[in-house]
$ cat input_25.cif   # mmCIF, C-alpha atoms and all ligand atoms
data_final
loop_
_atom_site.label_atom_id
_atom_site.label_comp_id
_atom_site.auth_asym_id
_atom_site.auth_seq_id
_atom_site.Cartn_x
_atom_site.Cartn_y
_atom_site.Cartn_z
CA MET A 1 26.84 7.97 -95.61
CA LYS A 2 26.87 6.99 -99.30
CA ILE A 3 30.20 6.42 -101.00
CA LEU A 4 30.71 5.93 -104.73
CA VAL A 5 33.76 3.84 -105.61
CA ILE A 6 35.30 4.25 -109.04
CA ASN A 7 37.87 2.07 -110.78
CA ALA A 8 38.79 3.53 -114.16
CA GLY A 9 40.40 1.26 -116.75
CA SER A 10 41.51 1.88 -120.33
CA SER A 11 38.09 1.29 -121.89
CA SER A 12 35.93 0.76 -118.83
CA ILE A 13 34.76 2.34 -115.60
CA LYS A 14 33.68 0.01 -112.78
CA TYR A 15 31.61 1.49 -109.96
CA GLN A 16 29.80 0.60 -106.76
CA VAL A 17 27.76 2.63 -104.31
CA PHE A 18 27.90 1.66 -100.64
CA GLU A 19 25.84 2.78 -97.70
CA LEU A 20 28.23 2.71 -94.75
CA THR A 21 26.16 3.88 -91.82
CA PRO A 22 24.58 2.59 -89.70
CA TYR A 23 25.29 -0.73 -91.49
CA GLU A 24 27.49 -1.52 -94.47
CA SER A 25 25.56 -2.49 -97.58
CA THR A 26 26.07 -2.41 -101.32
CA LEU A 27 23.37 -0.33 -103.00
CA CYS A 28 24.43 -0.96 -106.58
CA SER A 29 27.35 -1.96 -108.76
CA GLY A 30 28.07 -1.84 -112.45
CA LEU A 31 30.38 -0.99 -115.25
CA VAL A 32 30.57 0.85 -118.51
CA GLU A 33 32.72 -1.06 -120.94
CA LYS A 34 33.95 -0.66 -124.52
CA ILE A 35 34.36 3.09 -124.03
CA GLY A 36 35.54 4.64 -127.32
CA GLU A 37 34.16 1.78 -129.44
CA PRO A 38 31.12 2.32 -131.71
CA VAL A 39 28.81 0.61 -129.21
CA SER A 40 29.54 0.79 -125.48
CA VAL A 41 27.68 -1.14 -122.82
CA LEU A 42 26.45 -0.12 -119.37
CA SER A 43 25.55 -2.95 -116.97
CA HIS A 44 23.96 -1.74 -113.73
CA LYS A 45 22.81 -3.91 -110.84
CA ARG A 46 20.76 -2.57 -107.95
CA MET A 47 20.62 -4.62 -104.78
CA GLN A 48 17.40 -4.44 -102.82
CA ARG A 49 17.20 -6.68 -99.78
CA ARG A 50 17.22 -10.13 -101.37
CA ARG A 51 16.39 -8.90 -104.86
CA VAL A 52 18.80 -7.74 -107.54
CA ASP A 53 17.49 -5.84 -110.53
CA GLU A 54 19.68 -5.40 -113.51
CA ILE A 55 19.73 -3.12 -116.53
CA ARG A 56 21.88 -3.16 -119.61
CA ARG A 57 22.14 -0.25 -122.00
CA GLU A 58 24.01 -0.05 -125.27
CA GLU A 59 24.95 3.32 -126.63
CA SER A 60 27.88 5.30 -127.93
CA VAL A 61 30.23 6.43 -125.13
CA PRO A 62 33.11 8.26 -126.79
CA ASP A 63 35.19 8.93 -123.67
CA HIS A 64 35.41 8.51 -119.87
CA LYS A 65 33.48 11.72 -119.19
CA ALA A 66 30.55 10.43 -121.23
CA GLY A 67 30.96 7.09 -119.41
CA LEU A 68 30.67 8.71 -116.00
CA LYS A 69 27.67 10.75 -117.16
CA LEU A 70 25.99 7.50 -118.14
CA ILE A 71 26.76 6.10 -114.69
CA VAL A 72 25.29 9.21 -113.04
CA ALA A 73 22.15 8.72 -115.15
CA ALA A 74 21.91 5.09 -113.94
CA LEU A 75 22.48 6.11 -110.29
CA THR A 76 19.69 8.72 -110.48
CA ASP A 77 17.35 6.69 -112.72
CA PRO A 78 13.84 6.88 -111.21
CA GLU A 79 13.27 3.15 -111.70
CA HIS A 80 16.70 1.56 -111.20
CA GLY A 81 18.70 4.26 -109.41
CA VAL A 82 19.81 4.51 -105.78
CA ILE A 83 19.82 8.32 -105.34
CA HIS A 84 17.62 11.19 -106.43
CA ASP A 85 20.41 13.70 -106.75
CA ILE A 86 24.22 13.56 -106.92
CA SER A 87 24.41 15.61 -103.70
CA GLU A 88 23.40 12.40 -101.85
CA ILE A 89 26.84 10.94 -102.62
CA ASN A 90 28.96 11.99 -99.62
CA GLY A 91 32.32 11.00 -101.05
CA ILE A 92 34.00 9.32 -104.00
CA GLY A 93 36.78 6.78 -103.53
CA HIS A 94 39.12 6.12 -106.45
CA ARG A 95 41.27 3.07 -106.88
CA VAL A 96 44.73 4.39 -107.74
CA VAL A 97 47.42 1.86 -108.56
CA HIS A 98 50.71 3.53 -107.68
CA CYS A 99 51.88 6.21 -105.36
CA GLY A 100 55.31 4.81 -104.57
CA GLU A 101 56.65 6.05 -101.24
CA ALA A 102 54.49 9.16 -101.24
CA PHE A 103 51.52 7.73 -99.30
CA SER A 104 51.07 4.94 -96.80
CA ASN A 105 47.36 5.67 -96.45
CA ALA A 106 44.43 6.92 -98.49
CA ALA A 107 44.56 10.64 -99.32
CA LEU A 108 41.96 13.34 -99.84
CA ILE A 109 42.52 14.46 -103.41
CA ASN A 110 43.76 18.01 -103.85
CA ASP A 111 46.19 19.42 -106.41
CA GLU A 112 49.18 18.15 -104.45
CA VAL A 113 47.84 14.58 -104.35
CA PHE A 114 46.87 14.78 -108.03
CA ASN A 115 50.43 15.88 -108.90
CA ALA A 116 51.88 13.08 -106.77
CA ILE A 117 49.85 10.51 -108.72
CA GLU A 118 51.08 12.12 -111.93
CA ASP A 119 54.66 11.99 -110.65
CA HIS A 120 54.32 8.20 -110.37
CA VAL A 121 53.16 7.69 -113.96
CA PRO A 122 56.63 6.38 -114.98
CA LEU A 123 56.25 3.60 -112.38
CA ALA A 124 52.72 2.63 -113.52
CA PRO A 125 52.44 3.91 -117.10
CA LEU A 126 49.44 1.71 -117.93
CA HIS A 127 47.39 2.47 -114.82
CA ASN A 128 48.05 5.85 -113.20
CA PRO A 129 47.07 7.91 -116.29
CA LEU A 130 43.70 6.09 -116.37
CA ASN A 131 43.19 6.65 -112.64
CA LEU A 132 43.92 10.36 -113.20
CA THR A 133 41.34 10.46 -115.99
CA GLY A 134 38.82 8.87 -113.59
CA ILE A 135 39.57 11.55 -111.00
CA GLU A 136 39.35 14.39 -113.53
CA VAL A 137 35.98 13.33 -114.90
CA ALA A 138 34.61 12.68 -111.40
CA ARG A 139 35.69 16.18 -110.35
CA GLU A 140 33.79 17.57 -113.36
CA CYS A 141 30.64 15.51 -112.77
CA PHE A 142 30.66 15.85 -108.93
CA PRO A 143 32.27 19.28 -108.40
CA ASP A 144 31.18 19.58 -104.76
CA THR A 145 31.88 16.02 -103.61
CA PRO A 146 35.13 15.21 -101.77
CA GLN A 147 37.29 12.67 -103.61
CA VAL A 148 39.72 10.25 -102.07
CA ALA A 149 42.54 8.22 -103.64
CA VAL A 150 43.09 4.73 -102.23
CA PHE A 151 46.41 3.32 -103.43
CA ASP A 152 47.21 -0.31 -104.27
CA THR A 153 50.74 0.28 -103.00
CA ALA A 154 49.90 2.01 -99.69
CA PHE A 155 49.50 -1.04 -97.40
CA HIS A 156 52.98 -2.24 -98.41
CA GLN A 157 54.72 0.94 -97.28
CA SER A 158 55.43 -0.66 -93.89
CA ILE A 159 57.71 -3.24 -95.55
CA PRO A 160 61.24 -2.74 -94.15
CA PRO A 161 64.26 -2.02 -96.40
CA HIS A 162 65.70 -5.54 -96.06
CA ALA A 163 62.54 -6.81 -97.79
CA PHE A 164 61.90 -4.00 -100.26
CA MET A 165 65.43 -3.29 -101.58
CA TYR A 166 66.78 -5.22 -104.56
CA ALA A 167 70.49 -6.08 -104.46
CA LEU A 168 71.31 -3.64 -107.24
CA PRO A 169 73.62 -0.57 -107.18
CA HIS A 170 72.26 1.72 -104.46
CA GLU A 171 71.61 4.67 -106.76
CA PHE A 172 69.12 2.58 -108.73
CA TYR A 173 66.96 2.94 -105.64
CA THR A 174 67.78 6.53 -104.75
CA LYS A 175 67.75 7.95 -108.29
CA LEU A 176 65.44 5.63 -110.21
CA ARG A 177 63.11 4.56 -107.37
CA ILE A 178 63.67 0.88 -108.15
CA ARG A 179 62.42 -1.17 -105.18
CA ARG A 180 59.64 -3.58 -104.25
CA TYR A 181 56.36 -1.65 -103.99
CA GLY A 182 53.84 -4.48 -104.09
CA PHE A 183 50.25 -4.33 -105.34
CA HIS A 184 46.81 -5.67 -104.32
CA GLY A 185 47.46 -3.72 -101.09
CA THR A 186 43.81 -2.75 -100.75
CA SER A 187 42.80 -6.42 -100.81
CA HIS A 188 45.57 -7.51 -98.40
CA LYS A 189 44.56 -4.71 -96.01
CA TYR A 190 40.90 -5.74 -96.18
CA ILE A 191 41.89 -9.37 -95.53
CA THR A 192 44.02 -8.28 -92.56
CA ASP A 193 41.08 -6.38 -91.00
CA GLU A 194 38.63 -9.20 -91.68
CA THR A 195 41.03 -11.85 -90.33
CA ALA A 196 41.41 -9.92 -87.07
CA LYS A 197 37.62 -9.65 -86.81
CA TYR A 198 37.15 -13.34 -87.64
CA LEU A 199 39.69 -14.38 -85.02
CA ASP A 200 38.29 -11.84 -82.57
CA LYS A 201 41.75 -10.36 -82.02
CA ALA A 202 43.06 -6.81 -82.14
CA LYS A 203 44.52 -6.13 -85.57
CA GLU A 204 47.74 -5.00 -83.89
CA MET A 205 48.08 -8.54 -82.47
CA THR A 206 47.20 -10.43 -85.65
CA SER A 207 49.78 -12.03 -87.93
CA LEU A 208 48.88 -13.74 -91.17
CA ILE A 209 49.83 -14.69 -94.67
CA SER A 210 47.29 -13.23 -97.08
CA ILE A 211 47.07 -15.21 -100.34
CA HIS A 212 45.21 -13.32 -103.10
CA LEU A 213 44.62 -15.63 -106.07
CA GLY A 214 42.63 -13.92 -108.83
CA ASN A 215 43.66 -13.24 -112.40
CA GLY A 216 46.62 -11.50 -110.79
CA CYS A 217 48.08 -13.31 -107.77
CA SER A 218 50.09 -12.05 -104.82
CA MET A 219 50.81 -12.81 -101.19
CA ALA A 220 51.54 -10.58 -98.22
CA ALA A 221 53.23 -11.40 -94.93
CA VAL A 222 51.54 -9.40 -92.18
CA HIS A 223 53.03 -9.06 -88.69
CA ASN A 224 50.86 -7.50 -85.97
CA GLY A 225 48.61 -5.92 -88.59
CA GLU A 226 51.46 -4.43 -90.66
CA CYS A 227 52.70 -5.69 -93.98
CA VAL A 228 56.34 -6.84 -93.79
CA ASP A 229 56.77 -8.47 -97.21
CA THR A 230 54.90 -9.12 -100.42
CA THR A 231 55.50 -11.10 -103.58
CA MET A 232 54.92 -8.44 -106.26
CA GLY A 233 57.77 -6.03 -106.83
CA LEU A 234 58.56 -2.90 -108.80
CA THR A 235 55.76 -4.08 -111.09
CA PRO A 236 52.97 -6.65 -110.71
CA LEU A 237 55.02 -9.15 -112.73
CA GLU A 238 57.10 -10.53 -109.84
CA GLY A 239 56.19 -13.35 -107.48
CA LEU A 240 53.51 -15.98 -108.01
CA VAL A 241 52.53 -17.68 -111.27
CA MET A 242 49.39 -15.88 -112.50
CA GLY A 243 46.81 -16.33 -115.25
CA THR A 244 49.04 -14.78 -117.91
CA ARG A 245 52.05 -13.43 -115.92
CA CYS A 246 55.15 -15.48 -115.28
CA GLY A 247 56.04 -14.28 -111.77
CA ASP A 248 59.60 -14.90 -110.51
CA LEU A 249 62.24 -15.50 -113.17
CA ASP A 250 65.98 -15.46 -113.57
CA PRO A 251 66.51 -11.81 -114.65
CA ALA A 252 69.04 -12.96 -117.24
CA ILE A 253 66.26 -14.62 -119.24
CA HIS A 254 65.37 -11.28 -120.85
CA GLU A 255 68.78 -10.95 -122.49
CA TYR A 256 68.98 -14.61 -123.47
CA LEU A 257 65.55 -14.44 -125.10
CA ALA A 258 66.46 -11.24 -126.95
CA GLU A 259 69.61 -12.87 -128.33
CA GLN A 260 67.91 -16.10 -129.29
CA THR A 261 64.73 -14.69 -130.82
CA GLY A 262 65.64 -11.18 -131.96
CA LYS A 263 62.64 -9.83 -130.06
CA ASP A 264 63.06 -6.45 -128.38
CA LEU A 265 62.76 -5.92 -124.63
CA SER A 266 59.26 -4.50 -124.72
CA GLU A 267 57.97 -7.47 -126.74
CA ILE A 268 59.61 -9.89 -124.29
CA THR A 269 58.04 -7.98 -121.39
CA ARG A 270 54.66 -8.16 -123.13
CA ILE A 271 55.04 -11.93 -123.50
CA MET A 272 55.91 -12.22 -119.80
CA ASN A 273 52.80 -10.22 -118.89
CA LYS A 274 50.25 -11.50 -121.38
CA GLU A 275 51.38 -14.85 -122.78
CA SER A 276 52.99 -16.53 -119.80
CA GLY A 277 51.79 -17.89 -116.44
CA LEU A 278 49.17 -20.63 -116.72
CA LYS A 279 48.34 -19.53 -120.26
CA GLY A 280 51.94 -19.88 -121.38
CA LEU A 281 52.37 -23.21 -119.65
CA CYS A 282 49.21 -24.93 -120.89
CA GLY A 283 47.26 -22.57 -123.15
CA TYR A 284 44.54 -21.60 -120.62
CA ASN A 285 44.56 -18.85 -118.02
CA ASP A 286 41.28 -19.59 -116.24
CA VAL A 287 42.01 -21.91 -113.32
CA ARG A 288 38.61 -23.63 -113.73
CA GLU A 289 39.54 -24.60 -117.26
CA VAL A 290 43.06 -25.68 -116.28
CA MET A 291 41.68 -27.87 -113.46
CA GLN A 292 39.12 -29.48 -115.76
CA ARG A 293 41.72 -30.22 -118.43
CA ALA A 294 44.14 -31.61 -115.84
CA GLU A 295 41.37 -33.89 -114.60
CA ASP A 296 40.68 -35.00 -118.16
CA GLY A 297 44.29 -36.13 -118.41
CA ASP A 298 45.97 -33.16 -120.09
CA GLU A 299 49.58 -33.38 -118.96
CA ARG A 300 50.53 -29.75 -119.61
CA SER A 301 47.56 -28.52 -117.55
CA ARG A 302 48.53 -30.86 -114.72
CA ILE A 303 52.09 -29.55 -114.68
CA ALA A 304 50.88 -25.93 -114.96
CA LEU A 305 48.76 -26.41 -111.81
CA ASP A 306 51.67 -28.10 -110.05
CA ILE A 307 53.91 -25.11 -110.81
CA TYR A 308 51.19 -22.65 -109.74
CA CYS A 309 50.63 -24.38 -106.38
CA TYR A 310 54.31 -25.08 -105.75
CA ARG A 311 55.22 -21.38 -106.05
CA ILE A 312 52.52 -20.44 -103.51
CA LYS A 313 53.69 -23.17 -101.15
CA LYS A 314 57.27 -21.94 -101.41
CA TYR A 315 56.24 -18.44 -100.39
CA ILE A 316 54.14 -19.77 -97.49
CA GLY A 317 57.32 -21.47 -96.31
CA ALA A 318 59.38 -18.30 -96.75
CA TYR A 319 56.85 -16.09 -94.98
CA SER A 320 56.27 -18.51 -92.13
CA ALA A 321 60.05 -18.37 -91.60
CA VAL A 322 60.19 -14.57 -91.48
CA LEU A 323 57.07 -13.99 -89.36
CA PRO A 324 57.72 -14.27 -85.60
CA ASP A 325 54.05 -15.27 -85.09
CA LEU A 326 51.54 -16.75 -87.47
CA ASP A 327 47.84 -16.91 -86.61
CA ALA A 328 46.48 -17.86 -90.00
CA ILE A 329 47.03 -18.28 -93.69
CA VAL A 330 44.11 -16.76 -95.57
CA PHE A 331 42.95 -17.61 -99.09
CA THR A 332 41.04 -15.01 -101.08
CA ALA A 333 39.93 -13.79 -104.57
CA GLY A 334 38.43 -15.89 -107.39
CA VAL A 335 40.71 -18.93 -107.10
CA GLY A 336 41.47 -18.67 -103.36
CA GLU A 337 37.79 -18.41 -102.45
CA ASN A 338 36.43 -21.05 -104.83
CA ALA A 339 39.02 -23.62 -105.83
CA ALA A 340 39.00 -26.11 -102.94
CA ARG A 341 41.31 -28.46 -104.81
CA VAL A 342 43.91 -25.74 -105.30
CA ARG A 343 43.80 -24.94 -101.57
CA ALA A 344 44.12 -28.65 -100.74
CA ARG A 345 47.05 -29.06 -103.09
CA ILE A 346 48.86 -26.05 -101.58
CA CYS A 347 48.30 -27.15 -97.97
CA GLN A 348 49.30 -30.76 -98.59
CA GLY A 349 52.35 -31.83 -96.57
CA MET A 350 52.68 -28.63 -94.52
CA GLU A 351 51.98 -30.31 -91.16
CA ARG A 352 55.62 -29.77 -90.16
CA ILE A 353 55.12 -26.00 -90.29
CA GLY A 354 51.80 -26.23 -88.44
CA ILE A 355 49.39 -25.93 -91.36
CA ILE A 356 46.85 -28.75 -91.31
CA LEU A 357 43.74 -28.70 -93.52
CA ASP A 358 40.38 -30.31 -92.75
CA GLU A 359 39.53 -31.88 -96.12
CA THR A 360 35.78 -31.96 -95.45
CA LEU A 361 35.51 -28.35 -94.32
CA ASN A 362 37.70 -27.30 -97.23
CA ALA A 363 35.56 -29.10 -99.81
CA HIS A 364 32.34 -27.47 -98.58
CA PRO A 365 31.44 -24.58 -100.92
CA SER A 366 30.44 -21.29 -99.33
CA ASP A 367 30.61 -17.61 -100.10
CA VAL A 368 31.18 -16.31 -96.58
CA ALA A 369 34.28 -16.12 -94.35
CA ARG A 370 35.06 -19.55 -92.90
CA ASP A 371 37.84 -21.69 -91.46
CA VAL A 372 38.97 -24.88 -93.15
CA HIS A 373 41.75 -26.10 -90.83
CA ALA A 374 41.77 -29.19 -88.66
CA ALA A 375 40.78 -28.49 -85.03
CA TYR A 376 44.35 -29.28 -83.89
CA SER A 377 46.11 -27.22 -86.58
CA PRO A 378 48.54 -24.76 -84.89
CA VAL A 379 48.05 -22.30 -87.75
CA LYS A 380 44.50 -21.56 -88.85
CA ILE A 381 43.50 -21.77 -92.49
CA LEU A 382 40.81 -19.27 -93.45
CA VAL A 383 38.90 -18.50 -96.63
CA ILE A 384 37.70 -14.89 -96.66
CA PRO A 385 36.01 -13.25 -99.66
CA THR A 386 37.83 -10.04 -100.52
CA SER A 387 36.21 -6.75 -101.46
CA GLU A 388 38.63 -4.11 -102.65
CA GLU A 389 35.67 -1.82 -103.39
CA LEU A 390 34.31 -2.03 -99.85
CA GLN A 391 37.80 -1.37 -98.49
CA ILE A 392 38.05 1.74 -100.72
CA ALA A 393 34.62 2.87 -99.45
CA ARG A 394 35.65 2.27 -95.82
CA GLU A 395 38.89 4.22 -96.22
CA THR A 396 37.11 7.04 -98.05
CA ASN A 397 34.51 7.23 -95.30
CA ALA A 398 37.16 7.14 -92.53
CA LEU A 399 39.12 9.97 -94.15
CA LEU A 400 36.00 12.08 -94.63
CA GLN A 401 35.05 11.58 -90.96
CA GLU A 402 38.57 12.60 -89.90
CA ASN A 403 38.36 15.75 -92.01
CA ALA A 404 34.79 16.61 -91.05
P1 LIG B 501 40.45 -10.38 -110.65
O1 LIG B 501 41.86 -10.62 -110.28
O2 LIG B 501 40.26 -9.96 -112.07
O3 LIG B 501 39.66 -9.55 -109.64
P2 LIG B 501 39.00 -12.65 -109.59
O4 LIG B 501 39.43 -12.46 -108.20
O5 LIG B 501 37.55 -12.55 -109.90
O6 LIG B 501 39.80 -11.82 -110.64
O7 LIG B 501 39.49 -14.11 -110.04
C1 LIG B 501 39.29 -14.56 -111.33
C2 LIG B 501 39.81 -15.97 -111.45
O8 LIG B 501 39.18 -16.78 -110.45
C3 LIG B 501 39.46 -16.62 -112.79
O9 LIG B 501 40.52 -16.53 -113.66
C4 LIG B 501 39.23 -18.06 -112.42
O10 LIG B 501 40.38 -18.77 -112.75
C5 LIG B 501 39.12 -18.11 -110.93
N1 LIG B 501 37.88 -18.72 -110.47
C6 LIG B 501 36.67 -18.17 -110.34
N2 LIG B 501 35.76 -19.07 -109.90
C7 LIG B 501 36.44 -20.23 -109.73
C8 LIG B 501 36.08 -21.55 -109.31
N3 LIG B 501 34.84 -21.85 -108.94
N4 LIG B 501 37.05 -22.47 -109.27
C9 LIG B 501 38.30 -22.17 -109.65
N5 LIG B 501 38.71 -20.96 -110.04
C10 LIG B 501 37.79 -20.01 -110.10
#
$ encode --input "input_25.cif" --output "structure tokens"
Amino acid sequence: MKILVINAGSSSIKYQVFELTPYESTLCSGLVEKIGEPVSVLSHKRMQRRRVDEIRREESVPDHKAGLKLIVAALTDPEHGVIHDISEINGIGHRVVHCGEAFSNAALINDEVFNAIEDHVPLAPLHNPLNLTGIEVARECFPDTPQVAVFDTAFHQSIPPHAFMYALPHEFYTKLRIRRYGFHGTSHKYITDETAKYLDKAKEMTSLISIHLGNGCSMAAVHNGECVDTTMGLTPLEGLVMGTRCGDLDPAIHEYLAEQTGKDLSEITRIMNKESGLKGLCGYNDVREVMQRAEDGDERSRIALDIYCYRIKKYIGAYSAVLPDLDAIVFTAGVGENAARVRARICQGMERIGIILDETLNAHPSDVARDVHAAYSPVKILVIPTSEELQIARETNALLQENA
């Protein structure tokens, strides 16, 4: 069973092909970037046992359709490809950012699903239109292949009203659909499944706090396999401090800033999305760079890291209060998987709530799932590499099997 996973961005298309049966493996991955610019670039990596061969092609790719055609050419390339013919792809899984309350699971794309994604464009104006373009061009290039939408918001649909409603006039929810939706759901769901496997427990009996720290950062509280709260909200701006996003703020800051600076609301929102977070605090958004500068004595970088870790710690406290059981806290994504010092900083002083790190295990670099807690820690501390693409492939495959 071969599944192609597509993630369409404004000027890029990322892709991966997975073989799912009898064993899961990645056959290839790549991306076309700079679509619409005079010179676009395709990078394609084929995995073969222990070997990876890589190609890079530069040519003009005027639009997403041309981009996907270039990907198809790479997939079927006699030397570097992984299939002979597009009919070998059994299904295509698309990352779709937002489908509000319409779906709590992946969906086989038909006109109704397509229209539902379109209906949620106002809630994700930067992402859903691009995801729709990805679906349209994939339907043109693979007319006979079933396509599945896997939504970033779906895993969070189990969050109860007391956690998803904002304390605003009720009709803002009923008429304007303002509520917490949450994002990174595909990653949090993957981490939930992998945590259950790692702990050798049924997912329905596994409770955890999933801590996704990449360029974007979010956390999810998961009770018995179901998400019950998450840090991102109506948009991915709420919650943790991120590379360039501010996370939680006093909502009155928007008006105060507008009055004081004369900037309009959309410019202030842009600043909160693109010029804030670690970058706003110290000038750098890459955690590696911030850590290095903090170590070299840069005070603003030190404080930026303190703020970043403190916010995560605060949410661990909040979620460990709302979860009736807690098996593990789980770190994932670029920072969560690699930055041992950030994990150590976050876990420091949490013995009282049962979270006790083993410094030596934590400091040991690895790229596989592992535990880093002290043997006597009541709550386990895990580091599990995430793979949103594999999760999309798994859900696509599962849906195709169900519909077979
Ligand atoms: P995305 O959210 O775009 O998928 P990733 O999950 O790949 O991003 O995370 C990217 C971030 O991970 C980078 O901004 C960088 O700060 C951080 N990162 C990657 N490797 C390390 C490392 N070894 N130590 C600290 N941070 C790292």
$ residues_near_point --input "input_25.cif" --point "(45.5, -27.6, -104.7)" --cutoff "10 Å" --atoms "all atoms listed in the file" --output "PyMOL selection string"
chain A and resi 291+305-306+308-310+313+336+339-348
$ atom_distance --input "input_25.cif" --atom1 "CA of Ser207 in chain A" --atom2 "CA of His188 in chain A"
12.2 Å
$ residues_near_point --input "input_25.cif" --point "(59.3, -16.5, -110.2)" --cutoff "12 Å" --atoms "all atoms listed in the file" --output "ChimeraX atom specification"
/A:217-218,231-233,236-242,245-251,253,272,276-277,307-308,310-312,314-315
$ closest_residue --input "input_25.cif" --among "A:Gly283, A:Pro324, A:Pro143, A:Gly243" --to "ligand LIG 501 (chain B)" --atoms "only C-alpha atoms and all ligand atoms"
A:Gly243
$ atom_distance --input "input_25.cif" --atom1 "CA of Leu70 in chain A" --atom2 "CA of Arg95 in chain A"
19.5 Å
$ residues_near_ligand --input "input_25.cif" --ligand "ligand LIG 501 (chain B)" --cutoff "10 Å" --atoms "all atoms listed in the file" --output "PyMOL selection string"
chain A and resi 184+187+212-218+242-244+278+284-292+332-342+365+385-388
$ atom_distance --input "input_25.cif" --atom1 "CA of Lys14 in chain A" --atom2 "CA of Ser29 in chain A"
7.8 Å
$ closest_atom_pairs --input "input_25.cif" --of "range 101-203 of chain A" --to "range 48-65 of chain A" --cutoff "12 Å" --atoms "all atoms listed in the file" --output "JSON lines"
{"residue": "A:Leu130", "atom": "CA", "partner": "A:His64", "partner_atom": "CA", "distance": 9.3}
{"residue": "A:Asn131", "atom": "CA", "partner": "A:His64", "partner_atom": "CA", "distance": 10.8}
{"residue": "A:Leu132", "atom": "CA", "partner": "A:His64", "partner_atom": "CA", "distance": 11.0}
{"residue": "A:Thr133", "atom": "CA", "partner": "A:His64", "partner_atom": "CA", "distance": 7.3}
{"residue": "A:Gly134", "atom": "CA", "partner": "A:His64", "partner_atom": "CA", "distance": 7.2}
{"residue": "A:Ile135", "atom": "CA", "partner": "A:Lys65", "partner_atom": "CA", "distance": 10.2}
{"residue": "A:Glu136", "atom": "CA", "partner": "A:Lys65", "partner_atom": "CA", "distance": 8.6}
{"residue": "A:Val137", "atom": "CA", "partner": "A:Lys65", "partner_atom": "CA", "distance": 5.2}
{"residue": "A:Ala138", "atom": "CA", "partner": "A:Lys65", "partner_atom": "CA", "distance": 7.9}
{"residue": "A:Arg139", "atom": "CA", "partner": "A:Lys65", "partner_atom": "CA", "distance": 10.1}
{"residue": "A:Glu140", "atom": "CA", "partner": "A:Lys65", "partner_atom": "CA", "distance": 8.3}
{"residue": "A:Cys141", "atom": "CA", "partner": "A:Lys65", "partner_atom": "CA", "distance": 8.0}
{"residue": "A:Phe142", "atom": "CA", "partner": "A:Lys65", "partner_atom": "CA", "distance": 11.4}
$ residues_around --input "input_25.cif" --residues "Gly100 in chain A" --least-positions-apart "5" --cutoff "7 Å" --atoms "only C-alpha atoms" --output "list in words"
His120, Thr153 and Tyr181 of chain A
$ closest_residue --input "input_25.cif" --among "A:Pro160, A:Pro378, A:Gly317, A:Gly9" --to "Asn128 in chain A" --atoms "all atoms listed in the file"
A:Gly9
$ residues_around --input "input_25.cif" --residues "range 389-399 of chain A" --least-positions-apart "2" --cutoff "9 Å" --atoms "all atoms listed in the file" --output "PyMOL selection string"
chain A and resi 1-7+15-20+24+26+90-95+105-108+147-151+186-187+189-190+386-387+401-404
$ closest_residue --input "input_25.cif" --among "A:Thr195, A:Gln260, A:Asn362, A:Ser10" --to "Leu126 in chain A" --atoms "all atoms listed in the file"
A:Ser10
$ closest_atom_pairs --input "input_25.cif" --of "range 298-342 of chain A" --to "range 162-167 of chain A" --cutoff "12 Å" --atoms "only C-alpha atoms" --output "JSON lines"
{"residue": "A:Ala318", "atom": "CA", "partner": "A:Ala163", "partner_atom": "CA", "distance": 12.0}
{"residue": "A:Tyr319", "atom": "CA", "partner": "A:Ala163", "partner_atom": "CA", "distance": 11.2}
{"residue": "A:Val322", "atom": "CA", "partner": "A:Ala163", "partner_atom": "CA", "distance": 10.3}
$ write_last_selection --input "input_25.cif" --atoms "C-alpha atoms" --output "compact mmCIF listing (two decimals), keeping the file's coordinate frame"
# COMPACT_ATOMS: atom_id res chain seq x y z
CA ALA A 318 59.38 -18.30 -96.75
CA TYR A 319 56.85 -16.09 -94.98
CA VAL A 322 60.19 -14.57 -91.48
